[in-house]
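Working notes for the structure below.
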Amino acid sequence: MDVVASPKIRLSLSLLSAATLLFEINLTRLYSVAQFYHFAFMIVSLALLGFGASGTFLALFPTFGGGDLSRRVAQLSLAAGTFILAGFILTNELPFDSYTITWDSRQVWILALHYLVQAAPFFCSGLVVSMLLQAAPRLAGTTYAANLAGSAAGCGLALFAPALFGGEGVVVLSSALACLAALVTGLQDGGEPNRRASGRLAGAAGLLLLCLLDLGLRLDDQRGLKLLELKLSPYKGLSYALQAPGSQVVYRRWNASARVDVVRSASIHSLPGLSFRYQQPLPAMDGLLVDGDDLSAVLLPGADPQFSAYLPTAAAFLLRPGAQTLALEPRGGLDVFIALAMGASQVTAVEVNPLIVAAAGEVYADSRVQVEIETGRSYLHRSFGQFDVILLCLNSGYHPVGVGAYSLAEDYRYTQEAFQDALARLSPEGVLSITRWLQDPPSEELRAFGLAISALEAAGLEPSARLFAFRGYNTATVLVKKAPFSQQELATLRKFATDRAFDLVYAPDLDTSELNRYNVLSEPIYEQAFARLLAAQPRSAFYRAYPYDVSPPSDEHPFFGHYFKWTQARQLLALLGRTWQPFGGAGYFLILALLLLSLAAAAALIVLPLSVRRAGVGEHASRKTSLLGPLLYFGMIGLAYLLVEIPLMQRFILYLGNPAYALTVVLFALLLFSALGSRMSARARLRPALLALVGLLATIPYLLPGFFAATLGLSLTLRLALSVVLLAPLGCLMGIPFPGGLRHLEPGTPVAWVWAVNGAASVVASVLAALLALSLGFSWVFWIGALCYLGAYAALPTQR
């Protein structure tokens with residue numbers, strides 16, 4: 001117990017915890033860049049699997065945690081630092097191909113290898129925590145607090161380190177922190193003064209120096225050792241762009257929210273929706289990519305603006321010449337250029353990432369352009385001005401959505417509340433312009449049309465006279481007004497569409513003779529779908545009957561790319577492995593498969609120690625009733641913590657404007673104040689704390705929308721601070737149940753097994769939370785988390 005209480009051991013634990021949490025957060029960014037966004041949530045499951053496995057290992061081999069704890073902590077810290085660096089190099093040099101997994105069995109083994117090597121650092125870190133808890137259960141509050149406080153520090157580093165060192169450099173920094181933890185413990189007074197200890201210290205010092213060398217190289221331009229340069233999937237937009245002869249990256253920077261690249265290539269021609277009637281040479285342009293994908297055009301100086309009049313965005317400016325314009329997240333600045341070319345008097349460009357503005361260059365430097373670095377939702381709340389034209393810019397690449405492979409990304413620009421905010425900022429005769437990709441069958445563009453209808457109806461306006469839509473060969477554009485379109489405006493739009501060979505999809509006075517004239521289809525499916533949706537009464541009946549889920553997303557369920565319905569299951573299974581998408585187009589079924597795998601892994605982590613009769617576990621294997629209470633209690637709090645944490649991250653994307661900020665700040669606040677709650681747990685009464693936690697969680701779904709609405713217009717700095725303050729009481733209460741539960745254990749109950757139960761339940765919860773959010777919405781996930789804490793309350797022994 002004296003060793004566990006040592007300040008050096010606690011400092012080492014905090015450093016190791018900081019290293020592993022920093023590595024976990026950074027892995028979500030690296031996988032978003034190297035693979036795709038929907039890989040990111042798998043990292044949380046991977047990390048928790050490592051933590052849970054550590055408890056199972058110690059329950060099976062309890063003597064591993066005996067003897068010289070300082071030596072074990074130093075060994076495991078050095079092992080974690082080595083695994084962080086070596087695991088990244090291995091997975092980077094042996095990449096996983098999600099597109100070919102359905103017919104290339106090697107990819108299954110490569111994915112399994114990725115899981116093993118990436119989980120190894122979390123296993124080592126979890127094993128340190130588990131050993132310390134087993135060695136001194138009475139100091140559980142102090143140990144758990146050091147673990148959580150270090151983890152919170154790792155979250156704080158994740159906000160600042162990427163801008164200094166780049167994503168690859170943060171891997172190196174994580175390894176360095178783990179090596180530092182090994183050195184701190186290795187210098188523990190009374191440690192083993194022998195050759196093996198000296199070798200371990202030399203190894204930790206050597207790896208630390210190598211890490212520091214790489215970090216020093218990165219301080220200038222974020223480029224370090226060539227071996228560590230991140231390799232992207234060949235299916236990412238950046239990989240495609242660099243295949244052309246002469247292509248080169250002319251700009252690359254990281255920050256906490258993204259990696260931004262600019263590619264220079266004569267082969268780049270990205271003008272979505274350009275009319276085929278435009279016959280002149282295309283302007284020279286670079287390609288700007290965020291996280292290696294979704295290429296957007298950066299026009300080079302001297303570009304001829306003639307092409308602008310042939311793009312769908314130009315339509316709004318024919319109705320409002322000299323418009324005061326708001327462009328929401330225009331990325332490379334193409335829509336800003338079009339607005340200026342079409343005569344806009346002033347353009348306010350709202351872009352969330354300063355790296356994008358810096359990379360795009362000249363267009364944002366125009367004297368008629370005012371740049372605001374924040375989210376579009378935040379600006380709409382903060383601004384009291386009105387605009388003649390608001391552009392909801394198309395800044396994502398084309399992705400087939402029929403089988404739901406891109407369901408997991410939250411997009412708060414395309415929710416009912418977002419469209420209502422945009423309408424509120426329009427001048428009385430202003431125009432909101434939305435352009436989306438055409439899908440077959442209609443889905444993405446139909447959902448955008450439905451959002452416009454719902455926003456108008458929420459404002460008390462009849463939609464049929466206030467909407468106009470047209471399509472080209474690959475995009476559809478919806479125009480929305482608060483006032484009805486006049487006959488003169490309709491005539492102007494018809495002439496625009498006719499001159500540019502755009503087909504009308506919807507107009508208040510649309511005639512069937514105007515349909516399907518230029519980009520001819522066998523049936524006018526888009527026009528028919530738009531008309532049926534608008535005419536449906538009640539409209540919910542249309543959404544229920546439609547083969548895809550095209551109902552308008554909300555801030556409660558902001559998954560614009562989620563179109564899956566169970567009626568699609570047969571089609572999805574028929575296409576499985578025959579469509580060129582990640583995991584063969586498994587989409588929604590991928591999450592279900594991961595849930596089943598996580599349940600199997602959790603069962604193994606829990607049951608395996610009970611099936612093997614070893615010291616500390618075998619003597620309890622026959623006493624099932626004595627272990628049922630701990631199983632239920634620690635399983636419930638393991639489920640509950642993640643069922644609260646993950647939807648909070650998703651909900652705070654709206655508030656903080658970026659998944660990376662939301663992940664980091666929510667984790668930081670919850671872990672920091674959970675550490676405080678853990679420290680207080682010895683003095684706190686567990687039952688009242690659990691009931692208070694249940695009550696608070698039950699009210700959060702009602703509190704957050706009002707809080708966000710009242711403060712979303714504040715600066716990002718203030719919103720970051722308010723987020724931490726808001727989450728502080730919740731974090732404190734969430735830090736009490738685990739150490740408090742340890743004090744309620746019967747004497748002799750294996751603490752390592754309890755840690756394994758908690759970790760195993762968290763593995764399940766990490767996938768379950770994503771599935772429930774997609775299916776039911778965030779509020780239900782919170783309420784189910786509250787029920788789990790209530791279940792933990794019921795599982796406590798009455799005599800304690």
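Each chain in the structure tokens gets a letter, A, B and so on, in the order shown; residues start at 1 in every chain, and ligands are counted from 1 in the order they appear.
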
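The neighbours of Pro442 in chain A here are the residues that come within 8 Å of it, using only C-alpha atoms and leaving out any residue fewer than 2 positions away in the same chain; they are Leu438, Gln439, Asp440, Glu444, Glu445, Leu446, Ile525, Tyr526 and Ala529 of chain A.
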
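Within 6 Å of range 742-757 of chain A, once only C-alpha atoms are used and residues closer than 3 positions along the same chain are dropped, the contacting residues are Gly52, Gly55, Thr56, Leu58, Ala59, Ser130, Gln134, Ile606, Gly635, Pro739 and Ala760 of chain A.
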
So which bits of range 57-107 of chain A end up alpha helix (DSSP H) when you DSSP the backbone, as a PyMOL selection string? chain A and resi 57-60+69-93+106-107

Just C-alpha atoms for this one: save the residues we selected as a PDB file, in the first residue's frame.
ATOM      1  CA  PHE A  57      -5.499 -10.935 -17.513  1.00  0.00           C
ATOM      2  CA  LEU A  58      -4.862  -9.927 -13.908  1.00  0.00           C
ATOM      3  CA  ALA A  59      -7.844 -11.956 -12.703  1.00  0.00           C
ATOM      4  CA  LEU A  60      -6.391 -14.998 -14.473  1.00  0.00           C
ATOM      5  CA  LEU A  69       4.972  -2.819  -8.097  1.00  0.00           C
ATOM      6  CA  SER A  70       7.392  -0.060  -9.090  1.00  0.00           C
ATOM      7  CA  ARG A  71       9.212  -2.462 -11.380  1.00  0.00           C
ATOM      8  CA  ARG A  72       5.941  -3.632 -12.957  1.00  0.00           C
ATOM      9  CA  VAL A  73       4.683  -0.091 -13.509  1.00  0.00           C
ATOM     10  CA  ALA A  74       7.978   0.901 -15.151  1.00  0.00           C
ATOM     11  CA  GLN A  75       7.917  -2.187 -17.389  1.00  0.00           C
ATOM     12  CA  LEU A  76       4.338  -1.618 -18.483  1.00  0.00           C
ATOM     13  CA  SER A  77       4.870   2.109 -19.068  1.00  0.00           C
ATOM     14  CA  LEU A  78       7.861   1.411 -21.299  1.00  0.00           C
ATOM     15  CA  ALA A  79       5.886  -1.325 -23.063  1.00  0.00           C
ATOM     16  CA  ALA A  80       3.005   1.109 -23.666  1.00  0.00           C
ATOM     17  CA  GLY A  81       5.373   3.714 -25.122  1.00  0.00           C
ATOM     18  CA  THR A  82       6.936   1.105 -27.386  1.00  0.00           C
ATOM     19  CA  PHE A  83       3.586  -0.274 -28.527  1.00  0.00           C
ATOM     20  CA  ILE A  84       2.276   3.219 -29.303  1.00  0.00           C
ATOM     21  CA  LEU A  85       5.141   3.924 -31.681  1.00  0.00           C
ATOM     22  CA  ALA A  86       5.668   0.417 -33.065  1.00  0.00           C
ATOM     23  CA  GLY A  87       1.940  -0.204 -33.457  1.00  0.00           C
ATOM     24  CA  PHE A  88       1.483   2.981 -35.450  1.00  0.00           C
ATOM     25  CA  ILE A  89       4.413   2.114 -37.730  1.00  0.00           C
ATOM     26  CA  LEU A  90       3.124  -1.428 -38.285  1.00  0.00           C
ATOM     27  CA  THR A  91      -0.461  -0.404 -39.087  1.00  0.00           C
ATOM     28  CA  ASN A  92       0.789   2.431 -41.274  1.00  0.00           C
ATOM     29  CA  GLU A  93       3.072   0.144 -43.286  1.00  0.00           C
ATOM     30  CA  ARG A 106      -6.319 -11.343 -45.833  1.00  0.00           C
ATOM     31  CA  GLN A 107      -8.005  -8.084 -44.889  1.00  0.00           C
TER      32      GLN A 107
END

Which residues of range 367-465 of chain A come within 8 Å of range 530-552 of chain A, and for each one, what is the closest pair of atoms and their distance in Å to one decimal, counting only C-alpha atoms, sorted by chain and residue number, as JSON lines?
{"residue": "A:Gly402", "atom": "CA", "partner": "A:Tyr548", "partner_atom": "CA", "distance": 7.9}
{"residue": "A:Thr415", "atom": "CA", "partner": "A:Pro552", "partner_atom": "CA", "distance": 6.7}
{"residue": "A:Gln416", "atom": "CA", "partner": "A:Pro552", "partner_atom": "CA", "distance": 6.5}
{"residue": "A:Ser443", "atom": "CA", "partner": "A:Val550", "partner_atom": "CA", "distance": 6.0}
{"residue": "A:Glu444", "atom": "CA", "partner": "A:Val550", "partner_atom": "CA", "distance": 7.5}
{"residue": "A:Leu446", "atom": "CA", "partner": "A:Phe530", "partner_atom": "CA", "distance": 6.6}
{"residue": "A:Arg447", "atom": "CA", "partner": "A:Val550", "partner_atom": "CA", "distance": 4.9}
{"residue": "A:Ala448", "atom": "CA", "partner": "A:Pro552", "partner_atom": "CA", "distance": 7.6}
{"residue": "A:Phe449", "atom": "CA", "partner": "A:Phe530", "partner_atom": "CA", "distance": 7.4}
{"residue": "A:Gly450", "atom": "CA", "partner": "A:Pro552", "partner_atom": "CA", "distance": 5.9}
{"residue": "A:Leu451", "atom": "CA", "partner": "A:Pro552", "partner_atom": "CA", "distance": 5.2}
{"residue": "A:Ile453", "atom": "CA", "partner": "A:Leu534", "partner_atom": "CA", "distance": 7.6}
{"residue": "A:Ser454", "atom": "CA", "partner": "A:Pro552", "partner_atom": "CA", "distance": 7.5}
{"residue": "A:Ser464", "atom": "CA", "partner": "A:Leu534", "partner_atom": "CA", "distance": 7.2}

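Each of A:Asp503, A:Glu417, A:Glu457, A:Glu645 was checked against Thr477 in chain A using only C-alpha atoms; the smallest atom-to-atom distance is that of A:Asp503.
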
If we count only C-alpha atoms and set the cut-off at 7 Å, which residues sit around range 702-714 of chain A, ignoring sequence neighbours fewer than 6 positions away in its own chain? Please answer as a PDB file with N, CA and C atoms, in the first residue's frame.
ATOM      1  N   SER A 378     -23.373  28.756 -35.268  1.00  0.00           N
ATOM      2  CA  SER A 378     -23.010  29.763 -34.278  1.00  0.00           C
ATOM      3  C   SER A 378     -23.183  31.172 -34.842  1.00  0.00           C
ATOM      4  N   TYR A 379     -22.732  31.376 -36.081  1.00  0.00           N
ATOM      5  CA  TYR A 379     -22.854  32.707 -36.682  1.00  0.00           C
ATOM      6  C   TYR A 379     -24.314  33.104 -36.861  1.00  0.00           C
ATOM      7  N   HIS A 381     -26.756  32.310 -35.034  1.00  0.00           N
ATOM      8  CA  HIS A 381     -27.277  32.710 -33.724  1.00  0.00           C
ATOM      9  C   HIS A 381     -26.752  34.071 -33.301  1.00  0.00           C
ATOM     10  N   ARG A 382     -25.481  34.315 -33.618  1.00  0.00           N
ATOM     11  CA  ARG A 382     -24.847  35.555 -33.140  1.00  0.00           C
ATOM     12  C   ARG A 382     -25.231  36.760 -33.977  1.00  0.00           C
ATOM     13  N   TYR A 655     -22.509  22.423 -30.653  1.00  0.00           N
ATOM     14  CA  TYR A 655     -22.154  23.576 -29.821  1.00  0.00           C
ATOM     15  C   TYR A 655     -20.733  24.061 -30.091  1.00  0.00           C
TER      16      TYR A 655
END

So that I can see what lies close to Pro330 in chain A, please list as a PyMOL selection string the residues with an atom at most 12 Å from it, counting only C-alpha atoms and leaving out residues fewer than 5 positions away in the same chain. chain A and resi 288+295-298+313+335-339+347-353+356-357+360+363-364+371-373+375-376+390-396

Tell me, counting only C-alpha atoms, for each residue of range 188-299 of chain A within 7 Å of range 153-166 of chain A, which pair of atoms is nearest and how far apart they are in Å to one decimal, in rows ordered by chain and increasing number, as JSON lines.
{"residue": "A:Leu215", "atom": "CA", "partner": "A:Phe165", "partner_atom": "CA", "distance": 6.5}
{"residue": "A:Arg218", "atom": "CA", "partner": "A:Phe165", "partner_atom": "CA", "distance": 5.2}
{"residue": "A:Leu219", "atom": "CA", "partner": "A:Leu164", "partner_atom": "CA", "distance": 5.9}
{"residue": "A:Gln222", "atom": "CA", "partner": "A:Phe165", "partner_atom": "CA", "distance": 4.9}
{"residue": "A:Trp254", "atom": "CA", "partner": "A:Gly166", "partner_atom": "CA", "distance": 5.1}
{"residue": "A:Asn255", "atom": "CA", "partner": "A:Ala163", "partner_atom": "CA", "distance": 4.1}
{"residue": "A:Ala256", "atom": "CA", "partner": "A:Leu159", "partner_atom": "CA", "distance": 5.2}

Selected residues written out with N, CA, C and O atoms, as a PDB file, in the first residue's frame:
ATOM      1  N   LEU A 215      10.077  15.214 -32.484  1.00  0.00           N
ATOM      2  CA  LEU A 215       9.220  16.356 -32.158  1.00  0.00           C
ATOM      3  C   LEU A 215       9.921  17.671 -32.463  1.00  0.00           C
ATOM      4  O   LEU A 215       9.286  18.636 -32.917  1.00  0.00           O
ATOM      5  N   ARG A 218       9.602  18.505 -36.027  1.00  0.00           N
ATOM      6  CA  ARG A 218       8.251  18.857 -36.440  1.00  0.00           C
ATOM      7  C   ARG A 218       7.854  20.274 -36.056  1.00  0.00           C
ATOM      8  O   ARG A 218       6.870  20.798 -36.588  1.00  0.00           O
ATOM      9  N   LEU A 219       8.569  20.891 -35.144  1.00  0.00           N
ATOM     10  CA  LEU A 219       8.168  22.212 -34.682  1.00  0.00           C
ATOM     11  C   LEU A 219       8.142  23.238 -35.801  1.00  0.00           C
ATOM     12  O   LEU A 219       7.381  24.200 -35.766  1.00  0.00           O
ATOM     13  N   GLN A 222       5.858  20.605 -39.137  1.00  0.00           N
ATOM     14  CA  GLN A 222       5.068  19.421 -38.805  1.00  0.00           C
ATOM     15  C   GLN A 222       5.537  18.167 -39.551  1.00  0.00           C
ATOM     16  O   GLN A 222       4.820  17.180 -39.628  1.00  0.00           O
ATOM     17  N   TRP A 254      -1.876  20.578 -39.924  1.00  0.00           N
ATOM     18  CA  TRP A 254      -2.801  19.938 -38.984  1.00  0.00           C
ATOM     19  C   TRP A 254      -3.228  20.953 -37.933  1.00  0.00           C
ATOM     20  O   TRP A 254      -2.481  21.858 -37.580  1.00  0.00           O
ATOM     21  N   ASN A 255      -4.427  20.774 -37.401  1.00  0.00           N
ATOM     22  CA  ASN A 255      -4.778  21.333 -36.099  1.00  0.00           C
ATOM     23  C   ASN A 255      -5.681  20.321 -35.409  1.00  0.00           C
ATOM     24  O   ASN A 255      -5.838  19.192 -35.891  1.00  0.00           O
ATOM     25  N   ALA A 256      -6.276  20.705 -34.291  1.00  0.00           N
ATOM     26  CA  ALA A 256      -7.039  19.727 -33.509  1.00  0.00           C
ATOM     27  C   ALA A 256      -8.251  19.196 -34.251  1.00  0.00           C
ATOM     28  O   ALA A 256      -8.730  18.095 -33.957  1.00  0.00           O
TER      29      ALA A 256
END

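Every protein or nucleic acid residue with an atom no more than 10 Å from range 342-344 of chain A, counting only C-alpha atoms and leaving out same-chain residues fewer than 5 positions away, appears here: A:Pro305, A:Gln306, A:Ser308, A:Ala309, A:Thr313, A:Ala314, A:Ala315, A:Ala316, A:Phe317, A:Leu318, A:Arg320, A:Pro321, A:Gly322, A:Ala323, A:Gln324, A:Thr325, A:Val336, A:Phe337, A:Arg368, A:Val369, A:Asp388, A:Val389.
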
I need the residue nearest Pro701 in chain A from this list: A:Phe560, A:Trp783, A:Tyr633, A:Phe673. Use only C-alpha atoms for the distance. A:Trp783

Selected residue, from A:Leu111, A:Leu11, A:Val725, A:Leu456, that lies nearest to Ser151 in chain A when counting only C-alpha atoms: A:Leu11

Point out the residue among A:Leu718, A:Ile646, A:Ala507, A:Val763 with the least atom-to-atom distance to Pro659 in chain A, counting only C-alpha atoms. A:Ile646

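Of the residues under consideration (A:Ala675, A:Met131, A:Ala640, A:Met734), A:Ala640 shows the shortest atom-to-atom contact distance to Val781 in chain A when counting only C-alpha atoms.
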
Contacts of Leu776 in chain A at 12 Å (only C-alpha atoms; same-chain gap of 2+ positions) as a ChimeraX atom specification: /A:553-554,556-559,647,768-774,778-784

Let's have the selection written as an mmCIF file, in the first residue's frame, with N, CA and C atoms.
data_model
loop_
_atom_site.group_PDB
_atom_site.id
_atom_site.type_symbol
_atom_site.label_atom_id
_atom_site.label_comp_id
_atom_site.auth_asym_id
_atom_site.auth_seq_id
_atom_site.Cartn_x
_atom_site.Cartn_y
_atom_site.Cartn_z
ATOM 1 N N PRO A 553 -33.818 15.493 -40.760
ATOM 2 C CA PRO A 553 -33.057 15.327 -39.509
ATOM 3 C C PRO A 553 -33.301 16.508 -38.566
ATOM 4 N N SER A 554 -32.994 16.282 -37.307
ATOM 5 C CA SER A 554 -33.094 17.343 -36.293
ATOM 6 C C SER A 554 -31.799 17.370 -35.495
ATOM 7 N N GLU A 556 -31.592 16.644 -32.575
ATOM 8 C CA GLU A 556 -31.676 15.438 -31.758
ATOM 9 C C GLU A 556 -31.197 14.205 -32.522
ATOM 10 N N HIS A 557 -31.290 14.254 -33.841
ATOM 11 C CA HIS A 557 -30.931 13.112 -34.694
ATOM 12 C C HIS A 557 -30.316 13.664 -35.982
ATOM 13 N N PRO A 558 -29.056 14.184 -35.896
ATOM 14 C CA PRO A 558 -28.492 14.982 -36.998
ATOM 15 C C PRO A 558 -27.733 14.175 -38.053
ATOM 16 N N PHE A 559 -28.293 13.031 -38.445
ATOM 17 C CA PHE A 559 -27.583 12.135 -39.358
ATOM 18 C C PHE A 559 -28.164 12.290 -40.772
ATOM 19 N N PRO A 647 -23.051 10.094 -26.444
ATOM 20 C CA PRO A 647 -24.021 11.063 -26.980
ATOM 21 C C PRO A 647 -23.710 12.503 -26.589
ATOM 22 N N LEU A 768 -23.021 0.255 -28.727
ATOM 23 C CA LEU A 768 -24.458 0.372 -28.490
ATOM 24 C C LEU A 768 -24.911 1.825 -28.538
ATOM 25 N N ALA A 769 -24.098 2.721 -28.011
ATOM 26 C CA ALA A 769 -24.465 4.143 -28.005
ATOM 27 C C ALA A 769 -24.618 4.672 -29.427
ATOM 28 N N ALA A 770 -23.695 4.298 -30.324
ATOM 29 C CA ALA A 770 -23.788 4.744 -31.717
ATOM 30 C C ALA A 770 -25.033 4.176 -32.385
ATOM 31 N N LEU A 771 -25.334 2.910 -32.111
ATOM 32 C CA LEU A 771 -26.507 2.272 -32.705
ATOM 33 C C LEU A 771 -27.794 2.905 -32.196
ATOM 34 N N LEU A 772 -27.881 3.156 -30.892
ATOM 35 C CA LEU A 772 -29.084 3.758 -30.325
ATOM 36 C C LEU A 772 -29.281 5.191 -30.814
ATOM 37 N N ALA A 773 -28.181 5.946 -30.941
ATOM 38 C CA ALA A 773 -28.302 7.321 -31.429
ATOM 39 C C ALA A 773 -28.840 7.348 -32.859
ATOM 40 N N LEU A 774 -28.353 6.427 -33.709
ATOM 41 C CA LEU A 774 -28.851 6.345 -35.084
ATOM 42 C C LEU A 774 -30.321 5.944 -35.124
ATOM 43 N N PHE A 778 -30.514 11.056 -29.542
ATOM 44 C CA PHE A 778 -29.631 11.227 -28.389
ATOM 45 C C PHE A 778 -30.365 11.153 -27.051
ATOM 46 N N SER A 779 -31.562 11.692 -26.975
ATOM 47 C CA SER A 779 -32.272 11.735 -25.692
ATOM 48 C C SER A 779 -32.493 10.344 -25.134
ATOM 49 N N TRP A 780 -32.869 9.411 -26.007
ATOM 50 C CA TRP A 780 -33.095 8.049 -25.539
ATOM 51 C C TRP A 780 -31.812 7.404 -25.033
ATOM 52 N N VAL A 781 -30.689 7.754 -25.625
ATOM 53 C CA VAL A 781 -29.424 7.195 -25.155
ATOM 54 C C VAL A 781 -29.137 7.692 -23.737
ATOM 55 N N PHE A 782 -29.372 8.997 -23.485
ATOM 56 C CA PHE A 782 -29.202 9.531 -22.132
ATOM 57 C C PHE A 782 -30.116 8.809 -21.149
ATOM 58 N N TRP A 783 -31.359 8.650 -21.523
ATOM 59 C CA TRP A 783 -32.322 8.034 -20.606
ATOM 60 C C TRP A 783 -31.973 6.578 -20.337
ATOM 61 N N ILE A 784 -31.497 5.868 -21.339
ATOM 62 C CA ILE A 784 -31.067 4.480 -21.116
ATOM 63 C C ILE A 784 -29.841 4.451 -20.204
#

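Nearest residue to Glu374 in chain A, choosing from A:Gly67, A:Gly657, A:Pro301, A:Gly50 and counting only C-alpha atoms: A:Gly657.
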
Selection: 9 Å around Ala455 in chain A, only C-alpha atoms, excl. self and same-chain fewer than 3 positions, as a PyMOL selection string: chain A and resi 416-421+423+450-452+458-461+463

Take the residues just selected and output them with C-alpha atoms as a PDB file, in the first residue's frame.
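Result file is out.pdb:
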ATOM      1  CA  GLN A 416     -34.669  21.386 -39.151  1.00  0.00           C
ATOM      2  CA  GLU A 417     -33.288  23.834 -36.609  1.00  0.00           C
ATOM      3  CA  ALA A 418     -30.446  24.845 -38.935  1.00  0.00           C
ATOM      4  CA  PHE A 419     -32.840  25.641 -41.787  1.00  0.00           C
ATOM      5  CA  GLN A 420     -35.070  27.600 -39.418  1.00  0.00           C
ATOM      6  CA  ASP A 421     -32.048  29.641 -38.290  1.00  0.00           C
ATOM      7  CA  LEU A 423     -34.668  31.488 -42.781  1.00  0.00           C
ATOM      8  CA  GLY A 450     -38.082  18.120 -47.045  1.00  0.00           C
ATOM      9  CA  LEU A 451     -35.937  20.196 -44.693  1.00  0.00           C
ATOM     10  CA  ALA A 452     -36.916  23.346 -46.579  1.00  0.00           C
ATOM     11  CA  ALA A 458     -42.295  25.844 -38.663  1.00  0.00           C
ATOM     12  CA  ALA A 459     -42.246  29.571 -39.512  1.00  0.00           C
ATOM     13  CA  GLY A 460     -45.977  29.466 -40.262  1.00  0.00           C
ATOM     14  CA  LEU A 461     -45.460  29.833 -44.030  1.00  0.00           C
ATOM     15  CA  PRO A 463     -44.305  26.121 -48.662  1.00  0.00           C
TER      16      PRO A 463
END

As JSON, numbers by chain, which residues of range 363-587 of chain A does DSSP assign to strand (DSSP E)? {"A": [369, 370, 371, 372, 373, 387, 388, 389, 390, 391, 392, 426, 427, 428, 429, 430, 431, 432, 433, 434, 435, 436, 437, 467, 468, 469, 470, 471, 475, 476, 477, 478, 479, 480, 481, 503, 504, 505, 506]}

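CA of Ser45 in chain A sits 15.9 Å away from CA of Cys124 in chain A.
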
By how many Å are CA of Ser54 in chain A and CA of Phe123 in chain A apart? 5.2 Å

Could you build a table of the residues in range 280-397 of chain A lying no more than 12 Å from range 246-250 of chain A, giving for each the nearest pair of atoms and their separation in Å rounded to one decimal place, using only C-alpha atoms, ordered by chain and ascending residue number, as CSV?
residue,atom,partner,partner_atom,distance
A:Asp286,CA,A:Val250,CA,9.2
A:Gly287,CA,A:Val249,CA,9.4
A:Leu288,CA,A:Val249,CA,9.8
A:Leu289,CA,A:Val249,CA,10.5
A:Gly292,CA,A:Val249,CA,11.3
A:Ala359,CA,A:Val250,CA,9.4
A:Ala360,CA,A:Val250,CA,11.4
